[in-house]
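S.K.: Sending over target_3.cif (mmCIF, C-alpha atoms and all ligand atoms).
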```cif
data_protein
loop_
_atom_site.label_atom_id
_atom_site.label_comp_id
_atom_site.auth_asym_id
_atom_site.auth_seq_id
_atom_site.Cartn_x
_atom_site.Cartn_y
_atom_site.Cartn_z
CA MET A 17 51.22 104.67 87.80
CA PRO A 18 52.70 107.91 89.13
CA LEU A 19 55.39 109.19 86.81
CA ASN A 20 58.16 109.65 89.31
CA VAL A 21 58.34 105.87 89.69
CA GLU A 22 61.45 104.35 88.21
CA VAL A 23 60.36 101.26 86.29
CA GLY A 24 60.56 98.29 88.61
CA ARG A 25 61.70 100.47 91.53
CA MET A 26 60.09 101.72 94.66
CA PRO A 27 58.33 105.05 94.13
CA TYR A 28 60.11 108.04 95.56
CA HIS A 29 58.64 108.89 98.92
CA TRP A 30 57.89 112.58 99.44
CA PRO A 31 57.28 113.69 103.03
CA LYS A 32 53.73 114.95 103.60
CA ASP A 33 54.79 118.52 104.40
CA THR A 34 56.98 118.95 101.31
CA ASP A 35 56.71 122.52 100.04
CA PHE A 36 56.53 122.16 96.26
CA ALA A 37 56.96 125.04 93.86
CA LEU A 38 54.13 124.79 91.32
CA TRP A 39 55.16 124.78 87.66
CA GLU A 40 52.54 124.58 84.89
CA LEU A 41 53.24 123.53 81.36
CA ASP A 42 50.99 123.99 78.32
CA VAL A 43 51.22 122.43 74.90
CA LEU A 44 52.61 125.20 72.66
CA ASP A 45 51.42 124.00 69.27
CA ARG A 46 47.75 123.27 69.86
CA ASP A 47 46.76 122.36 66.30
CA CYS A 48 45.79 118.71 65.92
CA PRO A 49 48.69 117.00 64.11
CA VAL A 50 46.14 114.97 62.08
CA CYS A 51 43.33 117.38 61.11
CA GLY A 52 44.67 120.73 62.26
CA ARG A 53 41.72 121.50 64.54
CA PHE A 54 42.39 123.43 67.80
CA MET A 55 42.98 120.82 70.51
CA HIS A 56 41.35 120.69 73.94
CA ILE A 57 42.86 120.00 77.32
CA CYS A 58 41.73 116.49 78.24
CA ASP A 59 43.82 115.64 81.27
CA HIS A 60 46.58 116.74 83.64
CA ARG A 61 49.71 114.88 84.58
CA TYR A 62 51.29 115.68 87.91
CA ARG A 63 54.99 115.09 88.45
CA HIS A 64 57.18 115.75 91.44
CA PHE A 65 60.92 116.08 91.28
CA HIS A 66 63.91 117.71 92.95
CA SER A 67 65.51 120.75 91.40
CA LEU A 68 68.57 122.50 92.83
CA GLU A 69 66.16 125.30 93.87
CA GLY A 70 63.87 122.93 95.76
CA PRO A 71 61.06 120.41 95.21
CA VAL A 72 58.84 121.06 92.18
CA GLU A 73 55.32 119.99 91.34
CA LEU A 74 55.04 120.00 87.59
CA VAL A 75 51.56 120.09 86.11
CA CYS A 76 51.48 119.06 82.47
CA LYS A 77 48.33 119.93 80.56
CA LEU A 78 47.56 117.12 78.12
CA ASN A 79 45.74 117.88 74.85
CA HIS A 80 43.80 115.89 72.31
CA CYS A 81 41.67 116.57 69.25
CA PRO A 82 37.99 117.22 70.18
CA ASP A 83 36.79 115.43 67.02
CA VAL A 84 35.95 111.84 68.01
CA ALA A 85 36.19 110.78 64.39
CA CYS A 86 39.78 112.10 64.10
CA GLN A 87 42.73 109.79 64.82
CA GLY A 88 44.11 112.65 66.92
CA HIS A 89 41.31 112.14 69.44
CA ALA A 90 42.65 108.89 70.87
CA LYS A 91 46.17 110.24 71.24
CA THR A 92 47.12 112.73 73.95
CA ILE A 93 49.81 115.31 73.34
CA SER A 94 52.18 116.29 76.17
CA PRO A 95 53.76 119.73 76.58
CA GLU A 96 56.85 119.94 74.37
CA LEU A 97 59.00 121.46 77.09
CA GLU A 98 58.49 118.70 79.64
CA MET A 99 61.55 116.79 78.44
CA THR A 100 63.72 119.88 78.80
CA ILE A 101 62.90 120.11 82.51
CA ALA A 102 63.16 116.53 83.67
CA LEU A 103 63.61 113.16 82.02
CA PRO A 104 60.53 110.91 82.20
CA LYS A 105 60.19 108.85 85.38
CA MET A 106 63.04 110.55 87.19
CA ALA A 107 62.70 112.10 90.62
CA ILE A 108 65.26 114.77 89.74
CA GLY A 109 65.35 117.52 87.16
CA TRP A 110 68.06 117.98 84.56
CA ASP A 111 69.89 120.44 86.80
CA VAL A 112 70.33 117.86 89.58
CA PHE A 113 71.10 115.14 87.04
CA CYS A 114 73.90 117.21 85.49
CA TRP A 115 75.17 118.27 88.91
CA VAL A 116 75.50 114.58 89.91
CA GLY A 117 77.19 113.58 86.65
CA HIS A 118 79.62 116.47 86.83
CA ARG A 119 80.61 115.72 90.43
CA ARG A 120 81.13 112.05 89.56
CA PHE A 121 83.03 112.30 86.29
CA SER A 122 84.74 115.65 86.48
CA ARG A 123 85.52 115.78 90.19
CA HIS A 124 85.63 112.01 90.79
CA TRP A 125 83.40 112.19 93.85
CA SER A 126 82.21 108.96 95.39
CA ILE A 127 78.50 108.18 95.62
CA PRO A 128 78.41 108.72 99.42
CA GLN A 129 80.10 112.08 98.92
CA ILE A 130 77.53 113.08 96.30
CA LEU A 131 74.74 111.87 98.58
CA SER A 132 75.84 113.93 101.56
CA GLU A 133 76.54 117.07 99.54
CA LEU A 134 73.09 116.85 97.91
CA SER A 135 71.56 116.44 101.34
CA ASP A 136 73.59 119.13 103.13
CA GLN A 137 73.68 121.75 100.41
CA TYR A 138 70.37 121.24 98.62
CA ARG A 139 68.31 119.17 101.08
CA ILE A 140 67.80 116.59 98.37
CA LYS A 141 67.56 113.11 99.76
CA ILE A 142 67.91 110.31 97.21
CA SER A 143 69.03 106.72 97.77
CA ALA A 144 72.51 105.55 96.81
CA ASP A 145 70.90 103.10 94.35
CA SER A 146 69.15 105.93 92.53
CA ILE A 147 72.36 107.95 92.35
CA GLY A 148 74.08 104.89 90.90
CA ARG A 149 71.40 104.61 88.20
CA TYR A 150 71.56 108.32 87.37
CA ILE A 151 75.32 108.05 87.01
CA LEU A 152 74.94 105.12 84.62
CA ARG A 153 72.50 107.09 82.46
CA TYR A 154 74.74 110.12 82.55
CA GLN A 155 77.61 107.96 81.41
CA VAL A 156 75.63 106.61 78.46
CA MET A 157 74.65 110.14 77.41
CA LEU A 158 78.20 111.36 77.83
CA ALA A 159 79.56 108.53 75.67
CA ALA A 160 77.00 109.28 72.96
CA ARG A 161 77.93 112.93 73.07
CA GLN A 162 81.66 112.16 72.94
CA GLU A 163 81.11 110.41 69.61
CA ASP A 164 78.73 113.02 68.23
CA PRO A 165 80.25 114.16 64.92
CA LYS A 166 78.86 117.69 65.19
CA THR A 167 80.39 118.25 68.63
CA LEU A 168 83.68 116.79 67.44
CA LEU A 169 83.79 119.10 64.43
CA GLU A 170 83.29 122.09 66.73
CA GLN A 171 85.99 120.97 69.12
CA TYR A 172 88.52 120.35 66.37
CA GLN A 173 87.83 123.55 64.46
CA SER A 174 90.96 125.31 65.70
CA VAL A 175 93.21 122.25 65.70
CA ASP A 176 95.87 122.03 62.97
CA GLU A 177 97.30 118.61 63.61
CA MET A 178 96.12 115.72 65.71
CA ILE A 179 98.10 113.23 67.76
CA LEU A 180 96.50 109.81 67.97
CA CYS A 181 97.33 107.01 70.32
CA ILE A 182 96.10 103.47 70.81
CA ASP A 183 96.58 101.23 73.80
CA GLY A 184 95.10 98.10 75.29
CA LEU A 185 93.83 98.30 78.84
CA GLN A 186 92.79 95.40 80.98
CA PRO A 187 90.34 96.73 83.57
CA GLU A 188 90.29 93.34 85.29
CA LYS A 189 92.61 90.39 84.99
CA GLY A 190 91.24 87.67 82.77
CA HIS A 191 88.82 90.03 81.04
CA GLU A 192 89.14 90.90 77.39
CA THR A 193 91.39 93.84 76.67
CA LEU A 194 89.78 97.19 76.04
CA TYR A 195 91.44 98.94 73.10
CA VAL A 196 91.19 102.69 73.38
CA VAL A 197 91.91 105.23 70.66
CA ARG A 198 92.57 108.71 72.04
CA GLU A 199 93.43 112.06 70.51
CA LEU A 200 95.98 113.84 72.64
CA THR A 201 95.81 117.53 71.64
CA GLN A 202 92.20 117.66 72.84
CA LYS A 203 92.72 114.91 75.44
CA ARG A 204 89.71 113.11 74.08
CA VAL A 205 88.82 109.44 73.98
CA TRP A 206 87.58 108.85 70.45
CA PHE A 207 86.33 105.32 70.87
CA ALA A 208 87.05 102.08 72.67
CA GLU A 209 86.32 98.46 71.90
CA ALA A 210 86.82 95.29 73.86
CA LEU A 211 88.62 92.78 71.66
CA ILE A 212 88.55 89.14 72.73
CA SER A 213 91.41 88.24 70.44
CA ALA A 214 93.50 91.20 69.42
CA THR A 215 94.61 89.87 66.08
CA ALA A 216 96.45 92.18 63.71
CA GLU A 217 93.27 92.25 61.64
CA GLU A 218 91.04 93.32 64.55
CA VAL A 219 93.46 96.01 65.69
CA ARG A 220 93.81 97.27 62.15
CA ARG A 221 90.03 97.70 61.99
CA LEU A 222 90.27 100.18 64.88
CA ILE A 223 93.08 102.05 63.19
CA THR A 224 91.02 102.22 60.00
CA LYS A 225 88.15 103.61 62.04
CA ALA A 226 90.46 106.29 63.45
CA LYS A 227 91.45 107.13 59.89
CA GLU A 228 87.79 107.58 58.95
CA TRP A 229 87.28 109.88 61.93
CA ALA A 230 90.29 111.97 60.98
CA LYS A 231 88.95 112.18 57.44
CA ALA A 232 85.52 113.27 58.65
CA LEU A 233 87.15 116.00 60.70
CA ASN A 234 89.29 116.94 57.71
CA LYS A 235 92.37 117.25 59.91
CA LYS A 236 95.89 115.97 59.50
CA VAL A 237 97.28 113.33 61.84
CA GLY A 238 100.75 114.55 62.78
CA LEU A 239 101.80 111.69 65.01
CA TRP A 240 100.81 108.26 66.28
CA LEU A 241 101.80 107.00 69.72
CA SER A 242 101.60 103.47 71.07
CA ASP A 243 103.67 100.73 72.60
CA ARG A 244 105.54 98.32 70.33
CA GLN A 245 102.85 95.67 70.04
CA ASP A 246 103.21 94.17 66.56
CA ALA A 247 99.58 94.73 65.61
CA PHE A 248 99.94 98.47 66.36
CA VAL A 249 103.22 98.81 64.47
CA THR A 250 101.99 97.04 61.32
CA GLY A 251 98.45 98.47 61.43
CA ILE A 252 99.57 102.07 61.78
CA ALA A 253 102.25 101.64 59.12
CA ALA A 254 99.63 100.27 56.71
CA GLU A 255 96.88 102.85 57.35
CA PHE A 256 99.04 105.91 58.00
CA PRO A 257 102.17 105.30 55.91
CA ASP A 258 103.32 108.94 56.04
CA VAL A 259 102.64 109.59 59.71
CA PRO A 260 105.52 109.20 62.17
CA HIS A 261 104.91 106.58 64.83
CA ARG A 262 106.55 107.00 68.22
CA TYR A 263 106.61 104.71 71.16
CA CYS A 264 104.96 105.97 74.30
CA ASP A 265 107.42 107.33 76.88
CA ASN A 266 105.46 105.73 79.69
CA HIS A 267 106.02 102.28 78.22
CA PHE A 268 109.60 103.27 77.51
CA LEU A 269 110.11 104.25 81.15
CA ARG A 270 108.52 101.01 82.27
CA ASP A 271 110.88 98.98 80.10
CA VAL A 272 113.92 100.95 81.22
CA ALA A 273 112.78 100.55 84.81
CA LYS A 274 112.88 96.76 84.61
CA PRO A 275 116.65 96.38 85.18
CA VAL A 276 116.50 99.15 87.79
CA LEU A 277 113.78 97.36 89.71
CA GLU A 278 115.64 94.07 89.43
CA ALA A 279 118.75 95.64 90.95
CA ASP A 280 116.60 97.29 93.58
CA SER A 281 114.93 94.00 94.44
CA HIS A 282 118.35 92.37 94.78
CA ALA A 283 119.46 95.15 97.14
CA LYS A 284 116.33 94.55 99.21
CA VAL A 285 117.14 90.86 99.57
CA THR A 286 120.66 91.73 100.72
CA MET A 287 119.36 94.20 103.29
CA ARG A 288 116.79 91.74 104.60
CA LYS A 289 119.55 89.16 105.04
CA LYS A 290 121.48 91.58 107.21
CA VAL A 291 118.55 92.76 109.28
CA ARG A 292 117.64 89.58 111.11
CA GLY A 293 116.84 88.27 114.50
CA LEU A 294 114.07 90.73 115.40
CA ARG A 295 112.02 87.96 116.92
CA LYS A 296 114.93 86.84 119.10
CA ILE A 297 115.45 90.34 120.45
CA GLU A 298 111.76 90.63 121.23
CA GLN A 299 111.68 87.29 122.99
CA THR A 300 114.72 88.21 125.08
CA VAL A 301 113.06 91.45 126.21
CA LEU A 302 109.82 89.69 127.05
CA LYS A 303 111.62 86.93 128.93
CA GLN A 304 113.55 89.49 130.97
CA GLN A 305 110.29 91.22 131.85
CA GLY A 306 108.84 87.88 132.84
CA THR A 307 106.18 88.09 130.13
CA GLU A 308 105.58 85.26 127.77
CA ALA A 309 105.98 86.22 124.18
CA PRO A 310 102.67 86.17 122.34
CA LYS A 311 102.42 83.36 119.85
CA ASP A 312 103.75 84.55 116.54
CA THR A 313 102.35 82.67 113.60
CA THR A 314 104.63 84.41 111.15
CA ALA A 315 108.17 83.27 110.66
CA ALA A 316 111.01 84.89 112.57
CA ASP A 317 112.94 85.46 109.41
CA PRO A 318 111.65 88.60 107.73
CA GLU A 319 112.85 87.25 104.42
CA SER A 320 110.12 84.63 104.38
CA SER A 321 107.35 87.13 104.98
CA VAL A 322 107.96 89.56 102.19
CA GLY A 323 105.09 91.93 101.65
CA VAL A 324 103.28 91.03 104.84
CA VAL A 325 103.00 93.80 107.38
CA MET A 326 103.07 91.95 110.65
CA PRO A 327 101.16 93.37 113.57
CA ALA A 328 103.37 95.14 116.06
CA VAL A 329 103.93 93.11 119.20
CA THR A 330 102.44 94.98 122.11
CA PRO A 331 103.07 92.99 125.26
CA PRO A 332 101.05 93.88 128.33
CA GLN A 333 103.83 94.83 130.75
CA VAL A 334 107.41 95.78 129.97
CA ASP A 335 109.51 98.55 131.46
CA ALA A 336 110.32 101.73 129.55
CA ALA A 337 113.63 100.55 128.12
CA GLY A 338 112.15 97.22 127.07
CA ALA A 339 109.22 99.00 125.43
CA VAL A 340 111.64 101.14 123.43
CA VAL A 341 113.45 98.06 122.19
CA LEU A 342 110.16 96.48 121.17
CA ASP A 343 109.14 99.67 119.42
CA TYR A 344 112.36 99.63 117.46
CA CYS A 345 111.72 96.03 116.49
CA ALA A 346 108.22 96.88 115.31
CA ALA A 347 109.56 99.83 113.32
CA VAL A 348 112.27 97.76 111.65
CA ARG A 349 109.81 95.00 110.87
CA GLY A 350 107.52 97.52 109.18
CA ILE A 351 110.42 98.85 107.11
CA VAL A 352 111.67 95.42 106.08
CA ASN A 353 108.23 94.33 104.95
CA ASP A 354 107.42 97.49 103.01
CA ASP A 355 107.09 96.74 99.31
CA GLN A 356 105.52 100.00 98.14
CA GLY A 357 106.96 102.21 95.43
CA GLY A 358 107.45 102.03 91.68
CA PRO A 359 110.36 102.59 89.31
CA LEU A 360 110.65 106.27 90.26
CA HIS A 361 110.63 105.46 93.98
CA PRO A 362 112.31 102.06 94.21
CA PRO A 363 111.26 100.25 97.40
CA GLY A 364 114.83 99.14 98.14
CA LEU A 365 116.04 102.72 98.18
CA ARG A 366 113.23 103.65 100.55
CA MET A 367 114.12 100.69 102.72
CA ALA A 368 117.78 101.70 102.88
CA GLU A 369 116.87 105.27 103.83
CA ALA A 370 114.44 104.15 106.51
CA LEU A 371 116.89 101.64 107.99
CA ASN A 372 119.56 104.32 108.08
CA GLU A 373 117.21 106.56 110.01
CA VAL A 374 116.64 103.79 112.55
CA ARG A 375 120.37 103.29 112.86
CA GLU A 376 120.96 106.99 113.43
CA SER A 377 118.17 107.03 115.97
CA ILE A 378 119.65 104.11 117.91
CA GLN A 379 123.03 105.81 117.79
CA ARG A 380 121.50 108.97 119.27
CA ASN A 381 120.05 106.88 122.07
CA LEU A 382 123.43 105.30 122.75
CA ASP A 383 125.12 108.70 122.80
CA GLU A 384 122.50 109.87 125.22
CA LYS A 385 123.12 106.90 127.50
CA LYS A 386 126.88 107.39 127.47
CA GLY A 387 126.37 110.94 128.69
CA GLY A 388 123.85 109.95 131.36
CA SER A 389 124.48 108.35 134.72
CA GLN A 390 122.01 105.49 134.38
CA ARG A 391 123.34 102.31 132.88
CA SER A 392 120.99 100.66 130.53
CA ASN A 393 121.05 97.21 129.08
CA LEU A 394 119.99 98.79 125.78
CA VAL A 395 123.68 98.86 124.82
CA ALA A 396 123.68 95.12 125.02
CA TRP A 397 121.20 94.78 122.19
CA PRO A 398 122.78 93.83 118.91
CA VAL A 399 122.81 97.28 117.40
CA ALA A 400 124.93 96.01 114.55
CA SER A 401 121.95 94.06 113.24
CA THR A 402 120.46 97.19 111.73
CA GLU A 403 123.65 98.08 109.95
CA VAL A 404 123.06 98.66 106.28
CA SER A 405 125.64 99.39 103.69
CA THR A 406 123.99 101.08 100.79
CA GLN A 407 127.19 102.29 99.12
CA CYS A 408 125.29 105.44 98.51
CA GLY A 409 127.35 108.56 99.05
CA ARG A 410 124.36 110.82 99.52
CA ASN A 411 122.99 108.71 102.32
CA THR A 412 126.31 108.53 104.13
CA ARG A 413 126.74 112.26 104.04
CA ARG A 414 123.21 112.81 105.20
CA SER A 415 123.68 110.34 108.02
CA GLU A 416 126.78 112.17 109.24
CA ALA A 417 124.99 115.44 109.12
CA THR A 418 122.05 114.10 111.09
CA SER A 419 124.13 112.52 113.81
CA ARG A 420 126.16 115.70 114.24
CA ARG A 421 123.00 117.68 114.60
CA SER A 422 121.44 115.21 116.97
CA ARG A 423 124.43 115.12 119.31
CA LYS A 424 123.77 118.77 120.02
CA SER A 425 120.07 118.32 120.62
CA ARG A 426 119.69 115.82 123.40
CA GLN A 427 116.36 114.15 123.01
CA PRO A 428 114.77 111.85 125.55
CA LEU A 429 114.85 108.17 124.75
CA ILE A 430 111.09 107.62 124.52
CA LEU A 431 110.58 110.49 122.09
CA GLU A 432 113.25 109.07 119.88
CA ALA A 433 111.45 105.74 119.71
CA ALA A 434 108.20 107.49 118.90
CA VAL A 435 109.89 109.20 115.99
CA VAL A 436 111.10 105.90 114.64
CA GLN A 437 107.60 104.49 114.86
CA GLY A 438 106.37 107.43 112.87
CA VAL A 439 108.96 106.68 110.23
CA SER A 440 107.87 103.09 109.95
CA ARG A 441 104.22 104.03 109.66
CA SER A 442 104.73 106.54 106.94
CA SER A 443 106.92 104.18 104.99
CA ARG A 444 104.13 101.63 104.94
CA ASN A 445 101.76 103.95 103.15
ZN ZN A 501 42.10 116.10 64.84
#
```
Before we go any further, please render this structure as structure tokens.

M.R.:
Amino acid sequence: MPLNVEVGRMPYHWPKDTDFALWELDVLDRDCPVCGRFMHICDHRYRHFHSLEGPVELVCKLNHCPDVACQGHAKTISPELEMTIALPKMAIGWDVFCWVGHRRFSRHWSIPQILSELSDQYRIKISADSIGRYILRYQVMLAARQEDPKTLLEQYQSVDEMILCIDGLQPEKGHETLYVVRELTQKRVWFAEALISATAEEVRRLITKAKEWAKALNKKVGLWLSDRQDAFVTGIAAEFPDVPHRYCDNHFLRDVAKPVLEADSHAKVTMRKKVRGLRKIEQTVLKQQGTEAPKDTTAADPESSVGVVMPAVTPPQVDAAGAVVLDYCAAVRGIVNDDQGGPLHPPGLRMAEALNEVRESIQRNLDEKKGGSQRSNLVAWPVASTEVSTQCGRNTRRSEATSRRSRKSRQPLILEAAVVQGVSRSSRN
């Protein structure tokens, strides 16, 4: 079996005209490990793999003891350095292997990105499956290295005090929680365990383990951080009685944010109640243009379709003014259904700002029409339906400023509608 075959995988296919660099490896210590006699070369092993410098043909000279009576005769010895060049059965050398792992875990590249960069930059063509397997192996090695006591000792040499934290993560709903112990001064994950039932006893075991690690490093723990889960509070108090224990500010923020988000959600409901009748406006436009409204499976009331971004209605034939009205409707619908944003960017606040922009935009259109000679039925549309009272002083001031500015710059109607569409798109992201 050729050695560049991954066990149970298809062998790597090298094109016939591949230009390999020839590397030869000898056994360095040629004394028979059993009798000490000088060993002979008995065979050659040929390997092919990618290096960042190009394809390599590695010839390994295999040795054995010439004495048929010696146990060392039946056993072949491989060159010691082979493992330092490429792992057994891999079609890439260590340099490519490390390059892949670094791009994945340090730069967070996707597999397709790694694939194309390897191909473009180094002319290395490997399948996505292989890359996936290399990444898995890299991960295993990295994890082993992370827990290597010698490496840890080196990294913590210059550290005076450590800050430890423990938290439970749930990578997927319904899965057991992964409890992770991290050290924050070196930003290092110490260890992680999936606990099916996170009893106080189980959690305490992890905290005891952290204590053993700290002891092995011979460093003081200056602070513990966690959320207020009982098992953390009691476990840390028991194992680290003299170490202050603080609650994580992220969890704190999340808890504080709860009432804020509730108020924000309430404001959203109020705004949605005011901004109604989009469907009716659209139907009126389409009727006037003699076009049947496309069947809308979603409800006319935006309130009942929270979180669903409805497709914009794009009727086949409406005149310019009608199209603008429909565009406005689509924009407002996008805004009203936008649920993005967290505690620091409450969705209701975003909604209020976006609706205000629409209102200002419509006002600019109306001002434009009043100045122009053409009468438009746009004025007849229920402009008031976009009215939003946010009771927010900043917004009001800003709105005044914008409308003053816009009265000076007279923009065409269509452009204005395009701007509003842009607003609605960006607010959906
Ligand atoms: Zn021997």

S.K.: Neighbouring residues of ligand ZN 501 (chain A) are defined here as those with any atom at most 6 Å from a ligand atom, counting all atoms listed in the file; list them as an mmCIF file with C-alpha atoms, keeping the file's coordinate frame.

M.R.:
```
data_model
loop_
_atom_site.group_PDB
_atom_site.id
_atom_site.type_symbol
_atom_site.label_atom_id
_atom_site.label_comp_id
_atom_site.auth_asym_id
_atom_site.auth_seq_id
_atom_site.Cartn_x
_atom_site.Cartn_y
_atom_site.Cartn_z
ATOM 1 C CA CYS A 48 45.790 118.710 65.920
ATOM 2 C CA VAL A 50 46.140 114.970 62.080
ATOM 3 C CA CYS A 51 43.330 117.380 61.110
ATOM 4 C CA GLY A 52 44.670 120.730 62.260
ATOM 5 C CA ARG A 53 41.720 121.500 64.540
ATOM 6 C CA CYS A 81 41.670 116.570 69.250
ATOM 7 C CA ASP A 83 36.790 115.430 67.020
ATOM 8 C CA CYS A 86 39.780 112.100 64.100
ATOM 9 C CA GLY A 88 44.110 112.650 66.920
#
```

S.K.: Can you tell me how far atom CA of A:Leu74 sits from atom CA of A:Arg119, in Å to one decimal?

M.R.: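 Interatomic distance here is 26.1 Å.
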
S.K.: Excluding A:Pro257 and any residue of its chain fewer than 2 positions from it, enumerate the residues within 12 Å of it, using all atoms listed in the file, and give them as a list in words.

M.R.: Lys227, Val237, Gly238, Leu239, Trp240, Val249, Thr250, Gly251, Ile252, Ala253, Ala254, Glu255, Val259, Pro260 and His261 of chain A

S.K.: Write out as a count of residues only which residues come within 12 Å of A:Ile147 when counting only C-alpha atoms, dropping same-chain ones fewer than 5 positions away.

M.R.: 26

S.K.: Of the candidates A:Ala144, A:Met178, A:Cys58, A:Val352, which shows the shortest atom-to-atom distance to A:Val285, using all atoms listed in the file?

M.R.: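 Selected residue with least distance to A:Val285: A:Val352.
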
S.K.: Taking 5 positions as the minimum chain separation for residues in the same chain, which residues sit within 7 Å of stretch 272-283 of chain A when counting only C-alpha atoms? Answer as a VMD selection string.

M.R.: chain A and resid 359 362 364

S.K.: Considering all atoms listed in the file, can you say which of A:Ile297, A:Leu103, A:Val72, A:Cys181 comes closest to A:Tyr150?

M.R.: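 Result for the nearest residue to A:Tyr150: A:Leu103.
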
S.K.: Calculated over only C-alpha atoms, which of the candidates A:Lys166, A:His80, A:Arg221, A:Arg161 has the smallest distance to A:Asp45?

M.R.: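 With only C-alpha atoms as the atom set, the closest residue is A:His80.
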
S.K.: Find the distance between atom CA of A:Ala90 and atom CA of A:Met55 and write it in Å to one decimal.

M.R.: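 Atom CA of A:Met55 lies 11.9 Å from atom CA of A:Ala90.
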
S.K.: Go ahead and find all residues with at least one atom no further than 9 Å from (87.5, 101.2, 66.4) in the file's coordinates, using all atoms listed in the file; report them as a list in words.

M.R.: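 Those residues, ordered by chain and then number, are Tyr195, Val196, Val197, Trp206, Phe207, Ala208, Glu209, Glu218, Val219, Arg220, Arg221, Leu222, Ile223, Thr224, Lys225 and Ala226 of chain A.
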
S.K.: If I take atom CA of A:Val84 and atom CA of A:Arg46, how far is one from the other in Å, to one decimal?

M.R.: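 Answer for the atom CA of A:Val84 to atom CA of A:Arg46 separation: 16.5 Å.
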
S.K.: Name the closest residue to A:Met287 among the candidates A:Ala370, A:Ala210, A:Ala232, A:Leu168; distances are taken between atoms, counting all atoms listed in the file.

M.R.: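 The answer is A:Ala370, which sits nearest to A:Met287.
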
S.K.: Quick one: everything within 9 Å of A:Met367, counting all atoms listed in the file, minus sequence neighbours fewer than 5 positions away in the same chain. Send it as a PyMOL selection string.

M.R.: chain A and resi 284+287+351-355+362+372+443

S.K.: Is it possible to get the residues within 8 Å of (62.7, 108.0, 96.2) (coordinates as in the file, counting all atoms listed in the file) written as a PyMOL selection string?

M.R.: chain A and resi 26-30+107+141-143+146

S.K.: With all atoms listed in the file as the basis for distance, which of A:Glu170, A:Trp110, A:Pro31, A:Leu200 is at the shortest distance from A:Asn234?

M.R.: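 Nearest to A:Asn234: A:Glu170.
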
S.K.: Pick from A:Lys303, A:Arg244, A:Arg380, A:Lys296: nearest to A:Cys264, with all atoms listed in the file counted?

M.R.: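 Checking each candidate against A:Cys264, we get A:Arg244 as the closest.
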